[in-house]
Structures are given as C-alpha cells and as structure tokens.
Amino acid sequence: MDEEYDVIVLGTGLKECILSGLLSVDGLKVLHMDRNDYYGGESTSLNLNQLWKRFRGSDTPPESLGASKEYNVDMIPKFIIANGGLVRVLIHTDVTKYLHFKAVDGSFVYNKGKIYKVPATDVEALKSPLMGLFEKRRARKFFIYVQDYEDNDPKSHEGLDLTKVTAREVISKYGLEDDTVDFIGHALALHLDDSYLDQPALDFVKRMKLYAESLARFQGGSPYIYPLYGLAELPQSFARLSAVYGGTYMLNKPECKVEFDESGKAIGVTSEGETAKCKKVVCDPSYLPNKVKNVGKVARAICIMSHPIPDTSDSHSAQVILPQKQLGRKSDMYLFCCSYAHNVAPKGKYIAFVSAEAETDNPEVELKPGVDLLGPVDEIFYETYDRYVPTNTMEDDNCFISTSYDATTHFETTVQDTLDLSVDLSAASAAAE
C-alpha cells in the first residue's frame, strides 16, 4: 500500500464510486478504500437476514416472508430519471454494459387525501381528474408553453426572460390554481419545497421539460428507470469501471485515517500501520467528521408488503410525492415502491419506503400520512439518520467531501452533488498543474 496516488477515495457509496470511475477514466491513479467488507456504504442493499439483523437484532426472519437471498432492499432507494444526469454519466462512462434497467410503472402525486397519476403533457392535462374543466385548459396552455420553450428560440419565450422573471410570475401569467402549482412544482419539477417560486423560472421550466422528455423516452407510465436487483449494482458497476482503468480497490480496511501536513493539506491515508500517499482525498462525511456539520435528519419507514400501493393502478414499481402543503409540512414526503418485478423481493412481495426530512423526533407519527396510504403491511421498520454537509474549504485542505443522501426518492440531487464534486476536483487538478 506504500505507494503514491493522485486521489484516494474513502467509502464505496454511490457518489464515491461514480467519482472513482470518472477519475480513473480521466487517467488519474486512484486508490479506493472502505472500512466495510461490502460495497455501497450508506447506499448498500440488504438481503432479508441482514435487514432483520439491522432492525430486529437477530438474523432469523419469519419463513412466511420468503427466501432471504431473494431480497435486495436498498437503504437509499432512489429512482433514476430517464433523461437525467445519472443516465448521462452512465452512458458517458459506458457503465450501462454492466447493468440492466427496467422502466418504473407509475409516477403519482397526493392531493386532498387521494393519489393521482402525475400529468406531464398537454394531452394528459386534459384527461387528469386532478383539475376541473377550466383549469385543465389553463394547464394545457402552460404545458404547451413549457414543451415548446427553447433557450435559443426567442419566439418560444412569449416575451418572458426566464433568467429574470420568477416561477411565481410565469405561473400567474397562466392563472394556475394553487393545487395545480403544487403538483407541477413538486411532482413534475421535483422541487423539494416552495422556495423555487421566488427564484428565476428557467430552472423550473427546464425541470418540467426533463420530466416530460424522460417520460417520452421509454413510453412507460413514469419518467423513471431502476436497475434489476436494486441499486447496489450501481456502485459495483462504477467500481468495475475504475478497476478497468487501473483503479485499486481495498475493502475491509479499518480506521482509514486521513493524514495532513503542517499546512493542513491532506497528504495520505493510513490503515493498519501502512500509509498510502496522495494529492487529494474524496470521501463521505463519516471519514472526516470534524470537517462536516449536521443539517438535519431523514425519517423513514421501510415496509414489506404483499400488494402494490393502493390507487396506483396496480403498479409493481411507483413513486408517490406528497407535497408539503398537502400535509402542512415544511418539506415534501415521498413514497417509493419496488417489487419482484425488479428482482428486489420474492414473487408476490413488495418493498415500500416512506421518507421525509424529519421535522419532529417521532418518525412513527410524522410518517403516518404516508404509511397510511400503503394499506396493510407485513413488516415495518422505522429509522432516522443524520444529514451532513461539508464545512471545509477544498482548496485549503485537498479534501473533497460528499453530502449525505436526502429524503428524495429520485437521483437528481445526488447526481448534482457528485457532478459538483467532479468539477471541483477537475478545477483543483488544473490549478495544481
């Protein structure tokens, strides 16, 4: 291990594995280490015995739930938007050859106590029971405006400069009702809260276009795809990519202590008495706890069921977004469901997650509105985990730390953090040369 590397990556979570793959493809010498003896870090997948051990303290689940090995329960479950950032990274790196994806059946939104399919086009807007007749016409006009909008075609802008006018101003031009704005902003544009309304409208419109383009890509019931056998396949695939380009992997390495020089710059990592030297360190927050701060918690319920989520058209896989206003919360709640159709559970079994940014210390009560939508569950596990963001200055210490995973059930925020880190690493490498 006593060698020098361009970058040492600590932790094999999805973000770290994507970065490791990208850095290796760029020709850098990468050493990737993890204190655990498995891939995935916080974003690992567990079989039924492992799930039972983690939440119940024993590894003997009831036989009625089926074979343990047929379960692949993702600890950070997120769907992949078909035309989004992660798919671009997968195609760019050719990691798609290691994975098999399947479209997700349905994308839904919670409104006034009921679950509805998310309308994403002008045609769907006219059919949607979410809106009355006159609102459908207004929404249809707005959807057509969004679909036709092109940055480089001023005629499509209808006199609006989306870098200056806010999302609220664009919406008011079309006279949309609050409930319509609610599902468009949260279930289509995938904003986490209502702060987007007072930001320039360009990001909002581009997010809506991304949703519609992703929906059209696979002609399915949703804009999302998901790997067969769950998300654990993703970090492992990027790890394979890194190895193909010369990256070195070491699992089950205790401690992994980052070493610094007198000026506070990272110069290597020590494990089991050996030190590997490096120019930069990439890691998740757990490896450098003194360089991160707590910014909240995620509360979640993990459920095993014998049926799909009710009112989702018997979808074997689905996302339901519960906008903050519908629940009187400060941020949205998310339902995620996957099943034997994606090889993550035995035949007839479904895995559902309810997740939200924790606003109380009682996940059972806080998540009840989402759990109640699931119908009868065979088993349910509750937990909360802390969310951290880095506080260091990367230029000063050469440490590039990812943020913790949020409560969303889609990958856009995760990919943005990863790409931001990638840009920072590239900039730092260019500055050093």
# chains A, B, ... in the order shown; residues from 1 in each chain; ligands from 1
>>> closest_atom_pairs(of="stretch 43-82 of chain A", to="stretch 282-305 of chain A", cutoff="10 Å", atoms="only C-alpha atoms", output="JSON lines")
{"residue": "A:Leu51", "atom": "CA", "partner": "A:Ile302", "partner_atom": "CA", "distance": 9.9}
{"residue": "A:Leu65", "atom": "CA", "partner": "A:Ile304", "partner_atom": "CA", "distance": 8.4}
{"residue": "A:Val73", "atom": "CA", "partner": "A:Ile302", "partner_atom": "CA", "distance": 9.0}
{"residue": "A:Asp74", "atom": "CA", "partner": "A:Ile302", "partner_atom": "CA", "distance": 9.7}
{"residue": "A:Met75", "atom": "CA", "partner": "A:Ile302", "partner_atom": "CA", "distance": 8.9}
>>> residues_around(residues="A:Ser263", least_positions_apart="5", cutoff="12 Å", atoms="only C-alpha atoms", output="list in words")
Glu395, Asp396, Asp397 and Asn398 of chain A
>>> write_last_selection(atoms="C-alpha atoms", output="short mmCIF file (atom, residue, chain, number, x, y, z; two decimals), in the first residue's frame")
data_model
loop_
_atom_site.label_atom_id
_atom_site.label_comp_id
_atom_site.auth_asym_id
_atom_site.auth_seq_id
_atom_site.Cartn_x
_atom_site.Cartn_y
_atom_site.Cartn_z
CA GLU A 395 -8.59 24.45 -1.93
CA ASP A 396 -7.08 24.67 1.58
CA ASP A 397 -7.06 21.00 2.62
CA ASN A 398 -7.43 18.99 -0.66
#
>>> atom_distance(atom1="atom CA of A:Gly41", atom2="atom CA of A:Ala232")
9.7 Å
>>> select_by_dssp(residues="stretch 58-284 of chain A", states="strand (DSSP E)", output="PyMOL selection string")
chain A and resi 73-74+80-81+101-103+106-111+114-117+224-227+248-250+257-260+266-271+274-283
>>> closest_atom_pairs(of="stretch 214-332 of chain A", to="stretch 93-111 of chain A", cutoff="6 Å", atoms="only C-alpha atoms", output="tab-separated table")
residue	atom	partner	partner_atom	distance
A:Gly221	CA	A:Gly106	CA	4.9
A:Ser222	CA	A:Gly106	CA	4.8
A:Tyr224	CA	A:Val104	CA	5.4
A:Ile225	CA	A:Ala103	CA	4.3
A:Tyr226	CA	A:Phe101	CA	5.4
A:Pro227	CA	A:Phe101	CA	4.2
A:Leu228	CA	A:Phe101	CA	5.8
A:Ser237	CA	A:Tyr98	CA	5.9
A:Ser315	CA	A:Asp105	CA	5.4
A:Ser317	CA	A:Asp105	CA	5.3
A:Ala318	CA	A:Gly106	CA	4.6
A:Gln319	CA	A:Ser107	CA	5.1
A:Val320	CA	A:Phe108	CA	4.5
A:Ile321	CA	A:Val109	CA	4.8
A:Leu322	CA	A:Tyr110	CA	4.9
>>> write_last_selection(atoms="C-alpha atoms", output="PDB file, in the first residue's frame")
ATOM      1  CA  GLY A 221     -46.080   5.139 -17.139  1.00  0.00           C
ATOM      2  CA  SER A 222     -43.341   7.182 -15.486  1.00  0.00           C
ATOM      3  CA  TYR A 224     -38.100   6.756 -14.101  1.00  0.00           C
ATOM      4  CA  ILE A 225     -35.987   3.634 -14.560  1.00  0.00           C
ATOM      5  CA  TYR A 226     -34.472   1.320 -11.959  1.00  0.00           C
ATOM      6  CA  PRO A 227     -31.801  -1.416 -12.142  1.00  0.00           C
ATOM      7  CA  LEU A 228     -32.803  -5.057 -11.848  1.00  0.00           C
ATOM      8  CA  SER A 237     -20.523  -1.186 -11.740  1.00  0.00           C
ATOM      9  CA  SER A 315     -48.043  -0.591 -10.269  1.00  0.00           C
ATOM     10  CA  SER A 317     -42.975  -0.013  -9.039  1.00  0.00           C
ATOM     11  CA  ALA A 318     -44.049   3.552  -8.285  1.00  0.00           C
ATOM     12  CA  GLN A 319     -43.212   6.888  -6.745  1.00  0.00           C
ATOM     13  CA  VAL A 320     -45.786   8.990  -4.913  1.00  0.00           C
ATOM     14  CA  ILE A 321     -44.863  12.542  -3.906  1.00  0.00           C
ATOM     15  CA  LEU A 322     -46.805  14.178  -1.066  1.00  0.00           C
TER      16      LEU A 322
END
>>> select_by_dssp(residues="stretch 41-145 of chain A", states="alpha helix (DSSP H)", output="tab-separated table (two decimals) with all heavy atoms, in the first residue's frame")
chain	number	residue	atom	x	y	z
A	48	LEU	N	-32.78	-10.22	3.32
A	48	LEU	CA	-33.74	-10.21	4.43
A	48	LEU	C	-33.06	-10.48	5.77
A	48	LEU	O	-33.38	-9.83	6.78
A	48	LEU	CB	-34.85	-11.24	4.16
A	48	LEU	CG	-36.03	-11.18	5.14
A	48	LEU	CD1	-36.70	-9.81	5.11
A	48	LEU	CD2	-37.05	-12.28	4.82
A	49	ASN	N	-32.11	-11.42	5.80
A	49	ASN	CA	-31.40	-11.70	7.06
A	49	ASN	C	-30.65	-10.47	7.55
A	49	ASN	O	-30.67	-10.15	8.76
A	49	ASN	CB	-30.42	-12.86	6.89
A	49	ASN	CG	-31.13	-14.20	6.73
A	49	ASN	OD1	-32.34	-14.30	6.96
A	49	ASN	ND2	-30.40	-15.23	6.32
A	50	GLN	N	-29.98	-9.79	6.64
A	50	GLN	CA	-29.22	-8.58	7.02
A	50	GLN	C	-30.16	-7.48	7.50
A	50	GLN	O	-29.87	-6.76	8.47
A	50	GLN	CB	-28.40	-8.09	5.83
A	50	GLN	CG	-27.25	-9.01	5.45
A	50	GLN	CD	-26.67	-8.67	4.09
A	50	GLN	OE1	-27.37	-8.22	3.18
A	50	GLN	NE2	-25.37	-8.90	3.92
A	51	LEU	N	-31.31	-7.35	6.82
A	51	LEU	CA	-32.30	-6.35	7.21
A	51	LEU	C	-32.80	-6.64	8.62
A	51	LEU	O	-32.92	-5.74	9.46
A	51	LEU	CB	-33.47	-6.39	6.21
A	51	LEU	CG	-34.51	-5.28	6.31
A	51	LEU	CD1	-33.95	-3.96	5.82
A	51	LEU	CD2	-35.76	-5.64	5.50
A	52	TRP	N	-33.08	-7.92	8.87
A	52	TRP	CA	-33.58	-8.33	10.18
A	52	TRP	C	-32.55	-8.06	11.28
A	52	TRP	O	-32.89	-7.58	12.35
A	52	TRP	CB	-33.93	-9.82	10.14
A	52	TRP	CG	-35.22	-10.08	10.85
A	52	TRP	CD1	-35.40	-10.65	12.08
A	52	TRP	CD2	-36.54	-9.77	10.38
A	52	TRP	NE1	-36.73	-10.71	12.39
A	52	TRP	CE2	-37.46	-10.17	11.37
A	52	TRP	CE3	-37.02	-9.19	9.22
A	52	TRP	CZ2	-38.83	-10.02	11.24
A	52	TRP	CZ3	-38.40	-9.03	9.09
A	52	TRP	CH2	-39.27	-9.44	10.08
A	53	LYS	N	-31.32	-8.36	10.97
A	53	LYS	CA	-30.25	-8.15	11.95
A	53	LYS	C	-30.10	-6.67	12.28
A	53	LYS	O	-29.93	-6.27	13.43
A	53	LYS	CB	-28.93	-8.70	11.41
A	53	LYS	CG	-27.85	-8.79	12.46
A	53	LYS	CD	-26.79	-9.80	12.08
A	53	LYS	CE	-25.93	-10.08	13.30
A	53	LYS	NZ	-24.93	-11.10	13.06
A	54	ARG	N	-30.19	-5.83	11.25
A	54	ARG	CA	-30.01	-4.38	11.45
A	54	ARG	C	-31.14	-3.77	12.28
A	54	ARG	O	-30.90	-2.92	13.13
A	54	ARG	CB	-29.95	-3.70	10.08
A	54	ARG	CG	-29.86	-2.18	10.17
A	54	ARG	CD	-29.41	-1.59	8.85
A	54	ARG	NE	-29.56	-0.16	8.82
A	54	ARG	CZ	-29.02	0.63	7.91
A	54	ARG	NH1	-28.28	0.10	6.96
A	54	ARG	NH2	-29.21	1.93	7.92
A	55	PHE	N	-32.38	-4.21	12.03
A	55	PHE	CA	-33.52	-3.56	12.69
A	55	PHE	C	-34.14	-4.37	13.82
A	55	PHE	O	-34.82	-3.81	14.68
A	55	PHE	CB	-34.60	-3.23	11.65
A	55	PHE	CG	-34.19	-2.16	10.69
A	55	PHE	CD1	-33.79	-2.49	9.40
A	55	PHE	CD2	-34.19	-0.83	11.06
A	55	PHE	CE1	-33.40	-1.51	8.50
A	55	PHE	CE2	-33.81	0.16	10.18
A	55	PHE	CZ	-33.40	-0.18	8.90
A	56	ARG	N	-33.94	-5.69	13.82
A	56	ARG	CA	-34.56	-6.52	14.86
A	56	ARG	C	-33.54	-7.19	15.78
A	56	ARG	O	-33.91	-7.83	16.76
A	56	ARG	CB	-35.43	-7.61	14.22
A	56	ARG	CG	-36.59	-7.09	13.40
A	56	ARG	CD	-37.80	-6.77	14.27
A	56	ARG	NE	-39.00	-6.67	13.47
A	56	ARG	CZ	-39.53	-5.52	13.06
A	56	ARG	NH1	-38.93	-4.37	13.37
A	56	ARG	NH2	-40.64	-5.49	12.34
A	85	GLY	N	-29.27	13.42	-15.15
A	85	GLY	CA	-27.83	13.48	-15.01
A	85	GLY	C	-27.16	12.13	-14.85
A	85	GLY	O	-26.10	11.87	-15.43
A	86	LEU	N	-27.77	11.22	-14.06
A	86	LEU	CA	-27.13	9.93	-13.82
A	86	LEU	C	-27.07	9.10	-15.10
A	86	LEU	O	-26.06	8.44	-15.38
A	86	LEU	CB	-27.88	9.16	-12.72
A	86	LEU	CG	-27.28	7.81	-12.33
A	86	LEU	CD1	-25.80	7.92	-11.98
A	86	LEU	CD2	-28.04	7.18	-11.17
A	87	VAL	N	-28.13	9.14	-15.90
A	87	VAL	CA	-28.13	8.39	-17.16
A	87	VAL	C	-27.05	8.93	-18.10
A	87	VAL	O	-26.35	8.17	-18.77
A	87	VAL	CB	-29.53	8.42	-17.84
A	87	VAL	CG1	-29.46	7.89	-19.26
A	87	VAL	CG2	-30.52	7.60	-17.02
A	88	ARG	N	-26.88	10.26	-18.10
A	88	ARG	CA	-25.80	10.85	-18.93
A	88	ARG	C	-24.43	10.34	-18.48
A	88	ARG	O	-23.58	10.02	-19.30
A	88	ARG	CB	-25.86	12.37	-18.88
A	88	ARG	CG	-27.05	12.95	-19.64
A	88	ARG	CD	-26.87	14.42	-19.96
A	88	ARG	NE	-26.72	15.25	-18.78
A	88	ARG	CZ	-27.73	15.72	-18.06
A	88	ARG	NH1	-28.97	15.43	-18.42
A	88	ARG	NH2	-27.53	16.47	-17.01
A	89	VAL	N	-24.24	10.25	-17.17
A	89	VAL	CA	-22.97	9.73	-16.63
A	89	VAL	C	-22.80	8.26	-17.00
A	89	VAL	O	-21.72	7.81	-17.41
A	89	VAL	CB	-22.89	9.91	-15.09
A	89	VAL	CG1	-21.69	9.20	-14.51
A	89	VAL	CG2	-22.83	11.39	-14.73
A	90	LEU	N	-23.88	7.48	-16.88
A	90	LEU	CA	-23.82	6.05	-17.21
A	90	LEU	C	-23.45	5.84	-18.67
A	90	LEU	O	-22.63	4.97	-19.00
A	90	LEU	CB	-25.18	5.39	-16.93
A	90	LEU	CG	-25.59	5.22	-15.47
A	90	LEU	CD1	-27.06	4.88	-15.36
A	90	LEU	CD2	-24.75	4.15	-14.79
A	91	ILE	N	-24.05	6.63	-19.56
A	91	ILE	CA	-23.76	6.48	-20.99
A	91	ILE	C	-22.35	6.98	-21.31
A	91	ILE	O	-21.60	6.33	-22.04
A	91	ILE	CB	-24.83	7.23	-21.83
A	91	ILE	CG1	-26.18	6.53	-21.69
A	91	ILE	CG2	-24.42	7.31	-23.30
A	91	ILE	CD1	-27.36	7.31	-22.21
A	92	HIS	N	-21.98	8.12	-20.72
A	92	HIS	CA	-20.65	8.70	-20.96
A	92	HIS	C	-19.54	7.72	-20.58
A	92	HIS	O	-18.52	7.60	-21.26
A	92	HIS	CB	-20.52	10.00	-20.17
A	92	HIS	CG	-19.12	10.56	-20.12
A	92	HIS	ND1	-18.50	11.10	-21.23
A	92	HIS	CD2	-18.22	10.62	-19.11
A	92	HIS	CE1	-17.28	11.48	-20.88
A	92	HIS	NE2	-17.08	11.21	-19.61
A	93	THR	N	-19.75	6.99	-19.48
A	93	THR	CA	-18.70	6.08	-18.99
A	93	THR	C	-18.88	4.65	-19.48
A	93	THR	O	-18.06	3.78	-19.17
A	93	THR	CB	-18.72	6.06	-17.44
A	93	THR	OG1	-20.05	5.71	-17.01
A	93	THR	CG2	-18.34	7.41	-16.87
A	122	ASP	N	-49.57	18.20	-22.32
A	122	ASP	CA	-50.86	18.89	-22.55
A	122	ASP	C	-51.99	17.88	-22.72
A	122	ASP	O	-53.11	18.11	-22.28
A	122	ASP	CB	-50.74	19.81	-23.76
A	122	ASP	CG	-50.33	19.09	-25.04
A	122	ASP	OD1	-49.36	18.31	-24.99
A	122	ASP	OD2	-50.95	19.30	-26.07
A	123	VAL	N	-51.71	16.74	-23.35
A	123	VAL	CA	-52.75	15.72	-23.57
A	123	VAL	C	-53.18	15.12	-22.23
A	123	VAL	O	-54.38	14.98	-21.94
A	123	VAL	CB	-52.22	14.60	-24.51
A	123	VAL	CG1	-53.27	13.50	-24.65
A	123	VAL	CG2	-51.88	15.18	-25.87
A	124	GLU	N	-52.19	14.80	-21.38
A	124	GLU	CA	-52.51	14.21	-20.07
A	124	GLU	C	-53.24	15.22	-19.19
A	124	GLU	O	-54.08	14.85	-18.37
A	124	GLU	CB	-51.23	13.71	-19.39
A	124	GLU	CG	-50.65	12.46	-20.05
A	124	GLU	CD	-49.46	11.90	-19.28
A	124	GLU	OE1	-48.94	12.59	-18.38
A	124	GLU	OE2	-49.06	10.77	-19.59
A	125	ALA	N	-52.88	16.51	-19.33
A	125	ALA	CA	-53.54	17.54	-18.52
A	125	ALA	C	-55.04	17.56	-18.77
A	125	ALA	O	-55.85	17.71	-17.85
A	125	ALA	CB	-52.94	18.92	-18.82
A	126	LEU	N	-55.43	17.38	-20.04
A	126	LEU	CA	-56.86	17.39	-20.38
A	126	LEU	C	-57.60	16.20	-19.81
A	126	LEU	O	-58.80	16.26	-19.57
A	126	LEU	CB	-57.03	17.44	-21.91
A	126	LEU	CG	-56.75	18.78	-22.58
A	126	LEU	CD1	-56.88	18.65	-24.09
A	126	LEU	CD2	-57.69	19.87	-22.05
A	127	LYS	N	-56.89	15.09	-19.60
A	127	LYS	CA	-57.54	13.87	-19.09
A	127	LYS	C	-57.53	13.79	-17.56
A	127	LYS	O	-58.24	12.99	-16.98
A	127	LYS	CB	-56.81	12.63	-19.62
A	127	LYS	CG	-56.91	12.42	-21.12
A	127	LYS	CD	-56.14	11.15	-21.48
A	127	LYS	CE	-56.00	10.97	-22.97
A	127	LYS	NZ	-55.03	9.94	-23.30
A	133	LEU	N	-62.56	21.52	-15.39
A	133	LEU	CA	-62.53	21.76	-16.84
A	133	LEU	C	-61.74	23.01	-17.23
A	133	LEU	O	-60.87	22.97	-18.09
A	133	LEU	CB	-63.98	21.86	-17.36
A	133	LEU	CG	-64.12	22.08	-18.87
A	133	LEU	CD1	-63.52	20.92	-19.65
A	133	LEU	CD2	-65.58	22.28	-19.24
A	134	PHE	N	-62.02	24.15	-16.57
A	134	PHE	CA	-61.35	25.40	-16.96
A	134	PHE	C	-59.88	25.37	-16.59
A	134	PHE	O	-59.03	25.87	-17.31
A	134	PHE	CB	-62.06	26.60	-16.33
A	134	PHE	CG	-63.46	26.79	-16.85
A	134	PHE	CD1	-64.55	26.56	-16.03
A	134	PHE	CD2	-63.67	27.17	-18.17
A	134	PHE	CE1	-65.84	26.72	-16.52
A	134	PHE	CE2	-64.96	27.33	-18.68
A	134	PHE	CZ	-66.04	27.10	-17.86
A	135	GLU	N	-59.57	24.74	-15.44
A	135	GLU	CA	-58.16	24.64	-15.02
A	135	GLU	C	-57.39	23.74	-15.97
A	135	GLU	O	-56.22	23.99	-16.28
A	135	GLU	CB	-58.08	24.10	-13.58
A	135	GLU	CG	-56.66	24.01	-13.02
A	135	GLU	CD	-55.98	25.35	-12.78
A	135	GLU	OE1	-56.58	26.40	-13.09
A	135	GLU	OE2	-54.84	25.35	-12.29
A	136	LYS	N	-58.04	22.70	-16.50
A	136	LYS	CA	-57.37	21.82	-17.47
A	136	LYS	C	-56.92	22.62	-18.70
A	136	LYS	O	-55.81	22.42	-19.21
A	136	LYS	CB	-58.33	20.70	-17.92
A	136	LYS	CG	-58.48	19.59	-16.92
A	136	LYS	CD	-59.44	18.54	-17.43
A	136	LYS	CE	-59.60	17.43	-16.41
A	136	LYS	NZ	-60.54	16.40	-16.82
A	137	ARG	N	-57.79	23.53	-19.15
A	137	ARG	CA	-57.44	24.32	-20.33
A	137	ARG	C	-56.26	25.25	-20.04
A	137	ARG	O	-55.37	25.42	-20.87
A	137	ARG	CB	-58.65	25.15	-20.78
A	137	ARG	CG	-59.75	24.26	-21.39
A	137	ARG	CD	-60.97	25.09	-21.72
A	137	ARG	NE	-62.04	24.25	-22.25
A	137	ARG	CZ	-63.28	24.67	-22.40
A	137	ARG	NH1	-63.61	25.90	-22.06
A	137	ARG	NH2	-64.21	23.86	-22.88
A	138	ARG	N	-56.28	25.87	-18.85
A	138	ARG	CA	-55.16	26.74	-18.47
A	138	ARG	C	-53.87	25.93	-18.36
A	138	ARG	O	-52.81	26.35	-18.85
A	138	ARG	CB	-55.46	27.45	-17.14
A	138	ARG	CG	-56.53	28.51	-17.23
A	138	ARG	CD	-56.65	29.30	-15.96
A	138	ARG	NE	-57.29	28.54	-14.89
A	138	ARG	CZ	-58.61	28.57	-14.63
A	138	ARG	NH1	-59.41	29.33	-15.36
A	138	ARG	NH2	-59.11	27.85	-13.64
A	139	ALA	N	-53.96	24.76	-17.72
A	139	ALA	CA	-52.78	23.90	-17.54
A	139	ALA	C	-52.26	23.43	-18.90
A	139	ALA	O	-51.05	23.37	-19.13
A	139	ALA	CB	-53.12	22.71	-16.66
A	140	ARG	N	-53.18	23.11	-19.81
A	140	ARG	CA	-52.77	22.65	-21.14
A	140	ARG	C	-51.94	23.73	-21.84
A	140	ARG	O	-50.90	23.46	-22.44
A	140	ARG	CB	-54.00	22.30	-21.98
A	140	ARG	CG	-53.65	21.85	-23.39
A	140	ARG	CD	-54.89	21.40	-24.16
A	140	ARG	NE	-54.51	20.99	-25.51
A	140	ARG	CZ	-54.48	21.81	-26.56
A	140	ARG	NH1	-54.83	23.10	-26.40
A	140	ARG	NH2	-54.11	21.39	-27.75
A	141	LYS	N	-52.41	25.00	-21.75
A	141	LYS	CA	-51.66	26.10	-22.37
A	141	LYS	C	-50.27	26.22	-21.75
A	141	LYS	O	-49.28	26.45	-22.45
A	141	LYS	CB	-52.43	27.42	-22.19
A	141	LYS	CG	-53.61	27.57	-23.13
A	141	LYS	CD	-54.26	28.93	-22.92
A	141	LYS	CE	-55.49	29.06	-23.82
A	141	LYS	NZ	-56.28	30.24	-23.48
A	142	PHE	N	-50.20	26.07	-20.44
A	142	PHE	CA	-48.91	26.18	-19.76
A	142	PHE	C	-47.98	25.04	-20.18
A	142	PHE	O	-46.80	25.25	-20.46
A	142	PHE	CB	-49.11	26.17	-18.24
A	142	PHE	CG	-47.82	26.23	-17.46
A	142	PHE	CD1	-46.96	27.32	-17.59
A	142	PHE	CD2	-47.46	25.19	-16.61
A	142	PHE	CE1	-45.77	27.37	-16.89
A	142	PHE	CE2	-46.27	25.24	-15.91
A	142	PHE	CZ	-45.42	26.34	-16.04
A	143	PHE	N	-48.51	23.82	-20.25
A	143	PHE	CA	-47.70	22.67	-20.67
A	143	PHE	C	-47.17	22.86	-22.10
A	143	PHE	O	-46.02	22.51	-22.39
A	143	PHE	CB	-48.50	21.37	-20.59
A	143	PHE	CG	-48.56	20.78	-19.20
A	143	PHE	CD1	-49.77	20.43	-18.62
A	143	PHE	CD2	-47.40	20.54	-18.49
A	143	PHE	CE1	-49.82	19.88	-17.35
A	143	PHE	CE2	-47.44	19.99	-17.22
A	143	PHE	CZ	-48.65	19.66	-16.64
A	144	ILE	N	-48.01	23.40	-22.98
A	144	ILE	CA	-47.57	23.63	-24.36
A	144	ILE	C	-46.43	24.66	-24.38
A	144	ILE	O	-45.43	24.50	-25.09
A	144	ILE	CB	-48.75	24.09	-25.25
A	144	ILE	CG1	-49.70	22.91	-25.47
A	144	ILE	CG2	-48.26	24.64	-26.59
A	144	ILE	CD1	-51.00	23.27	-26.15
A	145	TYR	N	-46.58	25.73	-23.55
A	145	TYR	CA	-45.51	26.73	-23.46
A	145	TYR	C	-44.19	26.07	-23.02
A	145	TYR	O	-43.13	26.29	-23.62
A	145	TYR	CB	-45.91	27.83	-22.46
A	145	TYR	CG	-44.75	28.68	-22.02
A	145	TYR	CD1	-44.12	29.56	-22.90
A	145	TYR	CD2	-44.27	28.60	-20.70
A	145	TYR	CE1	-43.03	30.33	-22.50
A	145	TYR	CE2	-43.19	29.37	-20.29
A	145	TYR	CZ	-42.57	30.24	-21.19
A	145	TYR	OH	-41.49	30.99	-20.79
>>> residues_around(residues="stretch 326-343 of chain A", least_positions_apart="5", cutoff="7 Å", atoms="only C-alpha atoms", output="list in words")
Asn111, Lys112, Leu192, Asp193, Leu228, Tyr229, His316, Ser317, Ala318, Gln319, Val320, Ile321, Gly348, Lys349, Tyr350, Ile351, Ala352, Phe353, Val354, Ser355, Ala356, Glu357, Gly370, Thr408 and Thr409 of chain A
>>> closest_residue(among="A:Asp151, A:Asp378, A:Glu4, A:Glu16", to="A:Pro61", atoms="only C-alpha atoms")
A:Asp378
>>> residues_around(residues="A:Cys256", least_positions_apart="5", cutoff="6 Å", atoms="only C-alpha atoms", output="PyMOL selection string")
chain A and resi 269-271
>>> closest_residue(among="A:Gly175, A:Pro119, A:Gly84, A:Gly113", to="A:Leu373", atoms="only C-alpha atoms")
A:Gly113
>>> atom_distance(atom1="atom CA of A:Pro308", atom2="atom CA of A:Glu42")
26.2 Å
